[in-house]
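Note: the block below is query28.txt and it holds compact mmCIF, C-alpha atoms and all ligand atoms.
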# COMPACT_ATOMS: atom_id res chain seq x y z
CA MET A 1126 14.85 2.23 19.65
CA HIS A 1127 12.33 3.53 17.18
CA ASN A 1128 9.42 5.94 17.42
CA ILE A 1129 6.44 5.62 15.19
CA ALA A 1130 3.49 7.91 14.58
CA VAL A 1131 0.12 6.20 14.41
CA ILE A 1132 -2.86 7.72 12.59
CA PRO A 1133 -5.89 5.39 12.86
CA GLY A 1134 -8.19 7.74 10.90
CA ASP A 1135 -11.89 7.00 10.43
CA GLY A 1136 -14.35 4.11 10.33
CA ILE A 1137 -12.80 0.66 10.18
CA GLY A 1138 -9.37 2.36 10.16
CA ARG A 1139 -9.72 2.69 13.92
CA GLU A 1140 -11.03 -0.81 14.39
CA VAL A 1141 -8.23 -2.52 12.51
CA MET A 1142 -5.57 -0.23 13.97
CA GLU A 1143 -6.52 -1.36 17.46
CA GLU A 1144 -5.61 -4.92 16.49
CA ALA A 1145 -2.32 -3.84 14.92
CA LEU A 1146 -1.32 -1.94 18.07
CA CYS A 1147 -2.25 -4.79 20.42
CA LEU A 1148 -0.11 -7.03 18.24
CA LEU A 1149 2.81 -4.59 18.33
CA GLU A 1150 2.54 -4.44 22.10
CA GLU A 1151 2.61 -8.21 22.30
CA ILE A 1152 5.65 -8.40 20.03
CA CYS A 1153 7.54 -5.78 22.03
CA LYS A 1154 6.76 -7.69 25.23
CA THR A 1155 7.93 -11.01 23.82
CA ASN A 1156 10.97 -9.82 21.89
CA SER A 1157 13.28 -7.67 23.96
CA LEU A 1158 15.38 -6.77 20.91
CA LEU A 1159 12.49 -4.81 19.54
CA THR A 1160 12.05 -1.46 21.18
CA ILE A 1161 9.37 0.59 19.57
CA GLU A 1162 7.37 3.41 21.03
CA TRP A 1163 4.42 5.00 19.36
CA GLU A 1164 2.21 8.00 19.62
CA ILE A 1165 -1.36 8.10 18.39
CA PHE A 1166 -2.68 11.10 16.45
CA SER A 1167 -6.42 11.56 16.13
CA TRP A 1168 -6.20 13.38 12.79
CA SER A 1169 -9.25 12.29 10.83
CA SER A 1170 -12.60 13.43 9.46
CA GLU A 1171 -13.86 13.57 13.04
CA TYR A 1172 -10.97 15.90 13.85
CA TYR A 1173 -11.91 17.98 10.80
CA LEU A 1174 -15.50 18.33 11.98
CA GLN A 1175 -14.22 19.65 15.31
CA HIS A 1176 -11.27 21.78 14.17
CA GLY A 1177 -11.96 22.66 10.53
CA GLU A 1178 -8.78 20.94 9.35
CA MET A 1179 -7.67 17.35 8.88
CA MET A 1180 -4.45 17.92 10.81
CA PRO A 1181 -2.83 20.92 12.52
CA LYS A 1182 -0.89 23.35 10.33
CA ASN A 1183 2.41 22.05 11.71
CA GLY A 1184 1.30 18.41 11.21
CA LEU A 1185 4.15 17.50 8.87
CA ASP A 1186 6.74 19.05 11.20
CA THR A 1187 5.35 16.91 14.00
CA LEU A 1188 5.41 13.72 11.92
CA LYS A 1189 8.88 14.38 10.57
CA LYS A 1190 10.46 13.44 13.89
CA TYR A 1191 9.18 9.87 13.72
CA ASP A 1192 10.94 6.91 12.14
CA ALA A 1193 7.81 5.76 10.30
CA ILE A 1194 4.07 6.30 10.13
CA LEU A 1195 1.41 3.62 10.53
CA PHE A 1196 -1.79 4.79 8.92
CA GLY A 1197 -5.29 3.31 9.11
CA ALA A 1198 -7.83 4.72 6.67
CA ILE A 1199 -9.77 7.91 6.31
CA GLY A 1200 -13.10 8.86 4.82
CA ASP A 1201 -16.41 9.83 6.36
CA PRO A 1202 -19.68 10.48 4.53
CA ARG A 1203 -19.97 13.82 6.37
CA VAL A 1204 -16.73 15.16 4.86
CA ALA A 1205 -15.98 15.38 1.12
CA ASP A 1206 -13.49 12.68 0.08
CA GLU A 1207 -11.29 15.19 -1.65
CA VAL A 1208 -10.87 17.04 1.66
CA SER A 1209 -9.94 13.97 3.65
CA ILE A 1210 -7.57 12.64 0.99
CA TRP A 1211 -6.01 15.90 -0.20
CA ASP A 1212 -5.63 17.47 3.25
CA LEU A 1213 -4.16 14.51 5.07
CA ILE A 1214 -2.85 11.60 3.00
CA MET A 1215 -1.58 13.54 0.00
CA PRO A 1216 0.38 16.15 1.97
CA ILE A 1217 2.15 13.32 3.78
CA ARG A 1218 2.93 11.36 0.61
CA LYS A 1219 4.10 14.42 -1.29
CA GLY A 1220 5.68 16.40 1.55
CA PHE A 1221 7.72 13.40 2.63
CA GLU A 1222 8.78 12.53 -0.94
CA GLN A 1223 7.29 9.06 -0.71
CA TYR A 1224 7.82 8.49 -4.39
CA ILE A 1225 7.60 4.72 -4.20
CA ASN A 1226 4.34 2.93 -3.62
CA PHE A 1227 4.99 -0.65 -2.73
CA ARG A 1228 2.53 -3.53 -2.67
CA PRO A 1229 3.26 -7.19 -2.05
CA ILE A 1230 1.02 -9.57 -3.98
CA LYS A 1231 1.17 -12.87 -2.22
CA GLN A 1232 -1.19 -15.79 -2.34
CA LEU A 1233 -1.96 -16.96 1.17
CA ALA A 1234 -3.02 -20.59 1.40
CA GLY A 1235 -6.62 -20.99 2.50
CA ILE A 1236 -8.01 -17.88 0.84
CA ASN A 1237 -10.71 -18.55 -1.64
CA ALA A 1238 -9.34 -16.13 -4.23
CA PRO A 1239 -10.99 -15.74 -7.63
CA LEU A 1240 -8.05 -17.33 -9.42
CA GLN A 1241 -8.23 -21.00 -8.62
CA ILE A 1242 -4.70 -21.90 -9.61
CA ASP A 1243 -2.47 -24.14 -7.67
CA LYS A 1244 0.65 -22.06 -8.06
CA ASP A 1245 2.80 -19.93 -5.84
CA ILE A 1246 1.94 -16.29 -6.43
CA ASP A 1247 4.52 -14.08 -4.73
CA PHE A 1248 5.55 -10.83 -6.32
CA VAL A 1249 5.65 -7.12 -5.56
CA ILE A 1250 4.43 -4.10 -7.45
CA ILE A 1251 6.59 -1.01 -7.29
CA ARG A 1252 4.75 2.04 -8.51
CA GLU A 1253 6.25 5.44 -9.23
CA ASN A 1254 4.17 7.55 -6.87
CA ALA A 1255 5.06 11.19 -7.51
CA GLU A 1256 4.83 12.12 -11.18
CA GLY A 1257 3.80 10.46 -14.45
CA GLU A 1258 0.13 10.51 -15.33
CA TYR A 1259 -0.85 12.00 -11.95
CA SER A 1260 1.26 15.15 -12.18
CA ASN A 1261 -1.87 17.26 -12.29
CA MET A 1262 -0.64 19.51 -15.10
CA GLY A 1263 -3.17 20.61 -17.66
CA GLY A 1264 -6.23 22.73 -18.11
CA ASN A 1265 -9.49 23.47 -19.85
CA LEU A 1266 -10.60 25.76 -22.63
CA TYR A 1267 -14.09 26.87 -23.65
CA GLN A 1268 -15.40 25.50 -20.38
CA GLY A 1269 -19.12 24.85 -20.28
CA THR A 1270 -19.56 25.29 -24.03
CA SER A 1271 -19.99 22.66 -26.69
CA GLN A 1272 -16.39 23.27 -27.78
CA GLU A 1273 -15.04 22.49 -24.33
CA MET A 1274 -11.64 20.86 -24.36
CA ALA A 1275 -9.35 19.48 -21.70
CA VAL A 1276 -5.67 18.64 -21.70
CA GLN A 1277 -3.96 16.58 -19.02
CA ASN A 1278 -0.24 16.10 -19.25
CA THR A 1279 1.87 13.16 -18.24
CA VAL A 1280 5.20 14.21 -16.85
CA MET A 1281 8.11 11.78 -16.79
CA THR A 1282 11.47 12.99 -15.64
CA ARG A 1283 14.70 11.10 -16.14
CA GLU A 1284 15.50 11.54 -12.49
CA GLY A 1285 12.08 10.31 -11.34
CA VAL A 1286 12.10 7.21 -13.54
CA LYS A 1287 15.69 6.44 -12.67
CA LYS A 1288 15.05 6.63 -8.93
CA ALA A 1289 11.98 4.39 -9.13
CA SER A 1290 13.86 1.87 -11.29
CA ALA A 1291 16.85 1.84 -8.99
CA PHE A 1292 14.56 1.08 -6.07
CA ALA A 1293 12.94 -1.78 -7.99
CA PHE A 1294 16.22 -3.43 -9.00
CA LYS A 1295 17.80 -2.98 -5.60
CA TYR A 1296 14.73 -4.47 -3.98
CA ALA A 1297 14.75 -7.42 -6.39
CA ARG A 1298 18.37 -8.16 -5.57
CA SER A 1299 17.94 -7.81 -1.82
CA LYS A 1300 14.96 -10.17 -1.77
CA ASN A 1301 16.30 -12.61 -4.31
CA TYR A 1302 13.66 -11.96 -6.94
CA LYS A 1303 15.08 -13.05 -10.29
CA LYS A 1304 13.11 -10.81 -12.58
CA VAL A 1305 12.01 -7.19 -12.97
CA THR A 1306 9.12 -6.54 -15.33
CA SER A 1307 8.55 -2.98 -16.50
CA ALA A 1308 5.03 -1.99 -17.59
CA THR A 1309 5.11 0.14 -20.70
CA LYS A 1310 3.04 1.36 -23.61
CA SER A 1311 5.74 2.95 -25.73
CA ASN A 1312 4.19 1.59 -28.91
CA ALA A 1313 1.36 4.10 -28.53
CA ILE A 1314 2.54 6.69 -26.00
CA LEU A 1315 5.64 7.76 -27.82
CA HIS A 1316 7.13 10.55 -25.77
CA THR A 1317 6.81 9.81 -22.09
CA MET A 1318 6.84 6.02 -22.31
CA LYS A 1319 9.94 5.99 -24.48
CA LEU A 1320 11.73 8.04 -21.87
CA TRP A 1321 10.45 5.57 -19.27
CA ASP A 1322 11.74 2.60 -21.30
CA ARG A 1323 15.13 4.18 -21.86
CA GLU A 1324 15.75 5.06 -18.24
CA VAL A 1325 14.55 1.72 -16.90
CA ALA A 1326 16.71 -0.16 -19.40
CA SER A 1327 19.70 1.96 -18.50
CA VAL A 1328 19.31 1.16 -14.79
CA SER A 1329 18.79 -2.53 -15.60
CA SER A 1330 22.25 -2.71 -17.18
CA ASN A 1331 23.74 -2.32 -13.69
CA TYR A 1332 21.94 -5.47 -12.55
CA GLU A 1333 23.04 -8.24 -14.83
CA ASP A 1334 22.10 -10.89 -12.29
CA ILE A 1335 18.44 -9.90 -12.62
CA HIS A 1336 16.43 -10.72 -15.70
CA PHE A 1337 14.76 -7.64 -17.13
CA GLU A 1338 11.73 -7.52 -19.38
CA SER A 1339 9.54 -4.73 -20.67
CA VAL A 1340 5.92 -5.69 -21.32
CA TYR A 1341 3.06 -3.69 -22.79
CA ILE A 1342 0.52 -2.86 -20.12
CA ASP A 1343 -2.44 -4.37 -21.94
CA ALA A 1344 -0.72 -7.73 -22.32
CA LEU A 1345 0.59 -7.47 -18.77
CA THR A 1346 -2.91 -7.27 -17.28
CA ALA A 1347 -3.73 -10.51 -19.09
CA TYR A 1348 -0.54 -12.18 -17.82
CA PHE A 1349 -1.44 -11.14 -14.25
CA VAL A 1350 -4.48 -13.37 -14.61
CA GLN A 1351 -3.00 -16.11 -16.80
CA ARG A 1352 0.38 -16.66 -15.17
CA PRO A 1353 0.85 -14.51 -12.06
CA GLU A 1354 3.34 -17.02 -10.64
CA GLU A 1355 5.97 -15.85 -13.13
CA PHE A 1356 6.43 -12.36 -11.75
CA GLY A 1357 9.06 -11.12 -9.30
CA VAL A 1358 9.19 -7.34 -9.18
CA VAL A 1359 6.78 -5.39 -11.38
CA LEU A 1360 7.75 -1.77 -11.94
CA ALA A 1361 5.14 0.66 -13.22
CA SER A 1362 4.33 4.32 -13.70
CA ASN A 1363 1.79 6.04 -11.47
CA LEU A 1364 -1.36 5.22 -13.44
CA PHE A 1365 -0.32 1.79 -14.66
CA GLY A 1366 0.84 0.92 -11.14
CA ASP A 1367 -2.44 2.08 -9.65
CA ILE A 1368 -4.42 -0.20 -11.91
CA LEU A 1369 -2.04 -3.16 -11.67
CA SER A 1370 -2.07 -2.89 -7.88
CA ASP A 1371 -5.80 -3.32 -7.63
CA LEU A 1372 -5.74 -6.15 -10.14
CA GLY A 1373 -2.91 -7.76 -8.21
CA SER A 1374 -4.73 -7.46 -4.87
CA SER A 1375 -7.89 -8.90 -6.24
CA ILE A 1376 -6.26 -12.00 -7.71
CA VAL A 1377 -4.97 -12.96 -4.27
CA GLY A 1378 -7.94 -12.16 -2.08
CA GLY A 1379 -9.02 -8.53 -2.10
CA LEU A 1380 -8.90 -5.42 0.03
CA GLY A 1381 -9.10 -7.08 3.42
CA VAL A 1382 -5.68 -8.68 2.89
CA SER A 1383 -3.86 -5.96 0.89
CA PRO A 1384 -1.15 -3.94 2.62
CA SER A 1385 0.94 -1.14 1.12
CA ALA A 1386 3.86 1.15 1.80
CA ASN A 1387 4.65 4.68 0.65
CA ILE A 1388 8.39 4.89 0.79
CA ASN A 1389 10.96 7.65 0.86
CA PRO A 1390 13.94 5.49 -0.12
CA GLU A 1391 16.56 8.03 0.94
CA GLY A 1392 15.24 7.99 4.49
CA ASN A 1393 15.14 11.80 4.59
CA TYR A 1394 11.55 11.56 5.78
CA PRO A 1395 9.44 8.88 7.43
CA SER A 1396 7.78 6.33 5.17
CA MET A 1397 4.11 5.49 5.64
CA PHE A 1398 2.50 2.06 5.88
CA GLU A 1399 -1.23 1.56 5.35
CA PRO A 1400 -3.81 -0.93 4.19
CA VAL A 1401 -5.01 -0.39 0.63
CA HIS A 1402 -8.63 -0.22 1.73
CA GLY A 1403 -10.55 2.84 2.88
CA SER A 1404 -12.72 3.48 5.94
CA ALA A 1405 -15.53 1.19 4.68
CA PRO A 1406 -18.54 3.15 6.03
CA ASP A 1407 -20.79 0.26 4.96
CA ILE A 1408 -19.38 -2.02 7.66
CA ALA A 1409 -17.84 0.48 10.12
CA GLY A 1410 -18.97 -0.01 13.70
CA GLN A 1411 -20.01 -3.62 13.18
CA GLY A 1412 -16.72 -5.10 14.34
CA ILE A 1413 -16.35 -7.30 11.29
CA ALA A 1414 -13.59 -5.55 9.32
CA ASN A 1415 -10.70 -7.76 8.34
CA PRO A 1416 -7.63 -6.59 10.31
CA ILE A 1417 -5.14 -8.52 8.15
CA ALA A 1418 -4.30 -5.70 5.70
CA GLN A 1419 -3.51 -3.39 8.63
CA VAL A 1420 -1.53 -6.00 10.53
CA TRP A 1421 0.42 -6.88 7.38
CA SER A 1422 1.14 -3.15 6.88
CA LEU A 1423 2.63 -3.19 10.37
CA ALA A 1424 4.83 -6.10 9.24
CA LEU A 1425 6.04 -4.03 6.27
CA LEU A 1426 6.83 -1.18 8.65
CA LEU A 1427 8.85 -3.45 10.94
CA GLU A 1428 10.73 -4.88 7.98
CA HIS A 1429 11.49 -1.35 6.78
CA LEU A 1430 12.94 -0.50 10.20
CA GLY A 1431 15.14 -3.60 10.00
CA TYR A 1432 13.10 -5.96 12.19
CA GLU A 1433 12.85 -8.75 9.65
CA GLN A 1434 12.23 -11.59 12.05
CA PRO A 1435 9.15 -10.10 13.77
CA ALA A 1436 7.85 -9.11 10.33
CA ASP A 1437 8.17 -12.72 9.16
CA ALA A 1438 6.53 -13.92 12.35
CA ILE A 1439 3.51 -11.71 11.67
CA LEU A 1440 3.15 -13.03 8.16
CA GLN A 1441 3.41 -16.63 9.31
CA SER A 1442 0.77 -15.95 11.94
CA ILE A 1443 -1.57 -14.40 9.39
CA GLN A 1444 -1.06 -17.45 7.21
CA HIS A 1445 -1.77 -19.73 10.15
CA VAL A 1446 -5.06 -18.13 11.20
CA ILE A 1447 -6.32 -18.10 7.62
CA GLN A 1448 -5.56 -21.79 7.28
CA GLU A 1449 -7.37 -22.42 10.55
CA GLY A 1450 -10.41 -20.69 9.07
CA ILE A 1451 -10.33 -17.87 11.66
CA VAL A 1452 -11.46 -15.22 9.20
CA THR A 1453 -13.91 -12.33 8.86
CA PRO A 1454 -16.98 -12.38 6.55
CA ASP A 1455 -15.12 -10.82 3.58
CA LEU A 1456 -13.10 -14.06 3.44
CA GLY A 1457 -16.16 -16.21 3.94
CA GLY A 1458 -15.83 -16.61 7.72
CA THR A 1459 -17.91 -15.60 10.71
CA CYS A 1460 -15.21 -14.20 13.01
CA THR A 1461 -15.02 -10.64 14.29
CA THR A 1462 -12.15 -8.18 13.89
CA LYS A 1463 -11.19 -8.81 17.52
CA GLN A 1464 -11.26 -12.59 17.21
CA VAL A 1465 -8.95 -12.52 14.20
CA GLY A 1466 -6.68 -9.97 15.90
CA LYS A 1467 -6.43 -12.12 19.02
CA ALA A 1468 -5.77 -15.29 17.02
CA ILE A 1469 -2.88 -13.58 15.22
CA ARG A 1470 -1.52 -12.35 18.56
CA ASP A 1471 -1.73 -15.77 20.15
CA GLN A 1472 0.02 -17.30 17.20
CA VAL A 1473 2.78 -14.71 16.90
CA LYS A 1474 4.27 -15.71 20.25
CA SER A 1475 5.17 -19.13 18.92
CA ASN A 1476 6.62 -17.69 15.71
CA LEU A 1477 8.85 -15.06 17.28
P1 LIG B 1 -13.30 0.94 0.93
O1 LIG B 1 -11.99 0.31 0.74
O2 LIG B 1 -13.50 1.66 2.20
O3 LIG B 1 -14.45 -0.18 0.81
C1 LIG B 1 -14.69 -0.90 -0.39
C2 LIG B 1 -15.45 -2.21 -0.06
O4 LIG B 1 -14.54 -3.14 0.53
C3 LIG B 1 -16.56 -2.01 0.95
O5 LIG B 1 -17.64 -2.84 0.64
C4 LIG B 1 -15.94 -2.43 2.27
O6 LIG B 1 -16.85 -2.92 3.20
C5 LIG B 1 -14.94 -3.51 1.83
N1 LIG B 1 -13.76 -3.51 2.70
C6 LIG B 1 -12.74 -2.62 2.69
N2 LIG B 1 -11.84 -2.92 3.62
C7 LIG B 1 -12.29 -4.02 4.25
C8 LIG B 1 -11.80 -4.80 5.36
N3 LIG B 1 -10.65 -4.51 5.98
N4 LIG B 1 -12.55 -5.85 5.76
C9 LIG B 1 -13.70 -6.15 5.15
N5 LIG B 1 -14.21 -5.47 4.11
C10 LIG B 1 -13.53 -4.41 3.68
O7 LIG B 1 -13.53 1.91 -0.31
P2 LIG B 1 -14.74 2.90 -0.64
O8 LIG B 1 -16.03 2.33 -0.15
O9 LIG B 1 -14.59 3.26 -2.05
O10 LIG B 1 -14.43 4.22 0.19
C11 LIG B 1 -14.91 4.48 1.50
C12 LIG B 1 -14.20 5.68 2.07
O11 LIG B 1 -12.80 5.39 2.23
C13 LIG B 1 -14.25 6.90 1.17
O12 LIG B 1 -14.43 8.02 1.99
C14 LIG B 1 -12.90 6.94 0.48
O13 LIG B 1 -12.49 8.22 0.10
C15 LIG B 1 -12.02 6.39 1.58
N6 LIG B 1 -10.78 5.78 1.11
C16 LIG B 1 -9.66 6.04 1.85
C17 LIG B 1 -8.47 5.44 1.54
C18 LIG B 1 -7.31 5.69 2.43
O14 LIG B 1 -7.48 6.07 3.57
N7 LIG B 1 -6.09 5.47 1.97
C19 LIG B 1 -8.33 4.54 0.39
C20 LIG B 1 -9.58 4.27 -0.28
C21 LIG B 1 -10.74 4.89 0.07
MG MG B 2 -6.10 2.87 -6.27
Just dump the structure as structure tokens.
Ligand code: NAI
Ligand code: MG
Amino acid sequence: MHNIAVIPGDGIGREVMEEALCLLEEICKTNSLLTIEWEIFSWSSEYYLQHGEMMPKNGLDTLKKYDAILFGAIGDPRVADEVSIWDLIMPIRKGFEQYINFRPIKQLAGINAPLQIDKDIDFVIIRENAEGEYSNMGGNLYQGTSQEMAVQNTVMTREGVKKASAFAFKYARSKNYKKVTSATKSNAILHTMKLWDREVASVSSNYEDIHFESVYIDALTAYFVQRPEEFGVVLASNLFGDILSDLGSSIVGGLGVSPSANINPEGNYPSMFEPVHGSAPDIAGQGIANPIAQVWSLALLLEHLGYEQPADAILQSIQHVIQEGIVTPDLGGTCTTKQVGKAIRDQVKSNL
């Protein structure tokens, strides 16, 4: 029995979450081994406009009791983005030590992705999510004058790099990926990236069954486009991982089909599963958002809780509806969010 907290958020976040929850209900009905209960929290920009805060002061204490969090998306033109992001998503990621950001990059047959290659693209990006280039250490001098200067520090800690590497190698072994590729730039960034290289290499020596390579980030972006089928697990620092993730998503079909997970590997706190996309104010309310990224995020959550079979069933169903051409306009179709959601639900019963 598991309890999950659900935060649909704003805009299309709510529309796609509805489909994910209907699917979860269907799965729980069909598969008696899966007992999941969930509670919905209305924390969002709308909530902020009413209460002056994105979530209650004891929000993290409330969430802490759950086994995982399913998140939609936030963002509303009436509320500054830095408020919605820094007062809701960031406190959860940081407060719950979700120092791994995880993104599967998988080519689904039937998607007209920009890379027209007939090869099997199936890899994951594991991004260090807590420190590195996004440590927010630094400052300004002579502000507002012509001599203005700014310094922003990258912080790599042995412990942080080691933990992210260990997660990557363990994951590779558990999922039978044969290779871990580390993104680096230690030819130019001599201090932090050399520490990164050293710690990753040291962890790799405990995994002799897994091929390890270290590749310069600039070359790596080219390889993502030229031969994406060769990757297994790609491990990257915060900034490099951020960029690689978006590149990875776009080579296999874009935001509408890109799920992600923010993981606390120790299990001391709940991990959070969310689509990569935002609240898409440009299409919110039209009922045409692609629910696949959200539904796939639900699959990652189920897998994380140990329900591998239902997670696989969801992925197979997604694959099936895409191949049938039951897709929203972002994938070139004419279906609505609800039609795609229902098609996935109908299909999942036969895959469970
Ligand atoms: P966005 O991801 O919301 O939208 C970018 C483009 O992709 C838009 O044209 C949108 O229509 C399209 N798109 C996104 N998801 C889609 C889906 N499921 N189906 C079909 N089309 C889809 O990013 P944008 O426009 O930069 O930001 C909008 C708001 O979302 C902002 O307030 C931003 O801060 C917030 N945001 C929130 C995130 C989160 O909750 N984790 C992540 C990214 C942005
Ligand atoms: Mg990003």
Taking all atoms listed in the file into account, which residues are within 6 Å of ligand LIG 1 (chain B), as a list in words? Ala1198, Ile1199, Gly1200, Asp1201, Asp1206, Leu1380, Gly1381, Val1401, His1402, Gly1403, Ser1404, Ala1405, Pro1406, Asp1407, Ile1408, Ala1414, Asn1415, Pro1416 and Asp1455 of chain A
Around ligand MG 2 (chain B), out to 9 Å and counting all atoms listed in the file, which residues are there? I want them as a ChimeraX atom specification. /A:1364,1366-1368,1370-1371,1401-1402
Which residue, A:Ser1422, A:Gln1411, A:Asn1278, A:Gln1241, has the smallest gap to Glu1399 in chain A when you use all atoms listed in the file? A:Ser1422
Which of these residues is nearest to Met1318 in chain A, using only C-alpha atoms: A:Ile1214, A:Val1280, A:Ile1137, A:Ile1335? A:Val1280
Distance table requested - range 1287-1378 of chain A against range 1216-1226 of chain A, cut-off 12 Å, only C-alpha atoms: one row per qualifying residue with the closest atom pair and its distance in Å to one decimal, ordered by chain and rising residue number, as a Markdown table.
| residue | atom | partner | partner_atom | distance |
| --- | --- | --- | --- | --- |
| A:Lys1287 | CA | A:Tyr1224 | CA | 11.6 |
| A:Lys1288 | CA | A:Tyr1224 | CA | 8.7 |
| A:Ala1289 | CA | A:Ile1225 | CA | 6.6 |
| A:Ser1290 | CA | A:Ile1225 | CA | 9.9 |
| A:Ala1291 | CA | A:Ile1225 | CA | 10.8 |
| A:Phe1292 | CA | A:Ile1225 | CA | 8.1 |
| A:Ala1293 | CA | A:Ile1225 | CA | 9.2 |
| A:Tyr1296 | CA | A:Ile1225 | CA | 11.6 |
| A:Val1359 | CA | A:Asn1226 | CA | 11.6 |
| A:Leu1360 | CA | A:Ile1225 | CA | 10.1 |
| A:Ala1361 | CA | A:Asn1226 | CA | 9.9 |
| A:Ser1362 | CA | A:Ile1225 | CA | 10.1 |
| A:Asn1363 | CA | A:Asn1226 | CA | 8.8 |
| A:Leu1364 | CA | A:Asn1226 | CA | 11.6 |
| A:Gly1366 | CA | A:Asn1226 | CA | 8.5 |
| A:Asp1367 | CA | A:Asn1226 | CA | 9.1 |
| A:Leu1369 | CA | A:Asn1226 | CA | 11.9 |
| A:Ser1370 | CA | A:Asn1226 | CA | 9.6 |
Applying 12 Å and all atoms listed in the file, which residues near Gly1457 in chain A remain after dropping the ones on its own chain fewer than 2 positions away? List them as a ChimeraX atom specification. /A:1235-1238,1378,1381,1413,1415,1447,1450-1455,1459-1461
If you count all atoms listed in the file, which residues fall within 9 Å of Leu1426 in chain A, apart from same-chain ones fewer than 4 positions away, as JSON, numbers by chain? {"A": [1193, 1194, 1195, 1386, 1396, 1397, 1398, 1421, 1422, 1430, 1431, 1432, 1436]}
Expected axis-aligned box over every listed atom of range 1161-1167 of chain A, 3 Å added per side, centre plus edges in Å to one decimal, as lines of an AutoDock Vina configuration file:
center_x = 1.5
center_y = 6.1
center_z = 18.6
size_x = 21.8
size_y = 17.0
size_z = 10.9
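Nearest to Gly1257 in chain A of all the residues A:Gly1285, A:Pro1133, A:Gly1379, A:Pro1181 is A:Gly1285, based on only C-alpha atoms.
Atom to atom, CA of Tyr1348 in chain A and CA of Lys1300 in chain A stand 22.4 Å apart.
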Which residue gives the smallest distance to Arg1470 in chain A among A:Met1180, A:Val1340, A:Cys1147, A:Ala1347, with only C-alpha atoms counted? A:Cys1147
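Of the residues listed (A:Asp1247, A:Glu1428, A:Glu1449, A:Glu1178), A:Asp1247 shows the shortest atom-to-atom separation from Pro1353 in chain A; distances use all atoms listed in the file.
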Take the point (-6.9, 16.1, -19.7) in the file's coordinates, draw a sphere of radius 8 Å around it, and report as a CSV table (one decimal) with C-alpha atoms, in the frame of the given file every protein, DNA or RNA residue with an atom inside or on it, counting only C-alpha atoms.
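What follows is the written file out14.csv:
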chain,number,residue,atom,x,y,z
A,1263,GLY,CA,-3.2,20.6,-17.7
A,1264,GLY,CA,-6.2,22.7,-18.1
A,1265,ASN,CA,-9.5,23.5,-19.8
A,1275,ALA,CA,-9.4,19.5,-21.7
A,1276,VAL,CA,-5.7,18.6,-21.7
A,1277,GLN,CA,-4.0,16.6,-19.0
A,1278,ASN,CA,-0.2,16.1,-19.2
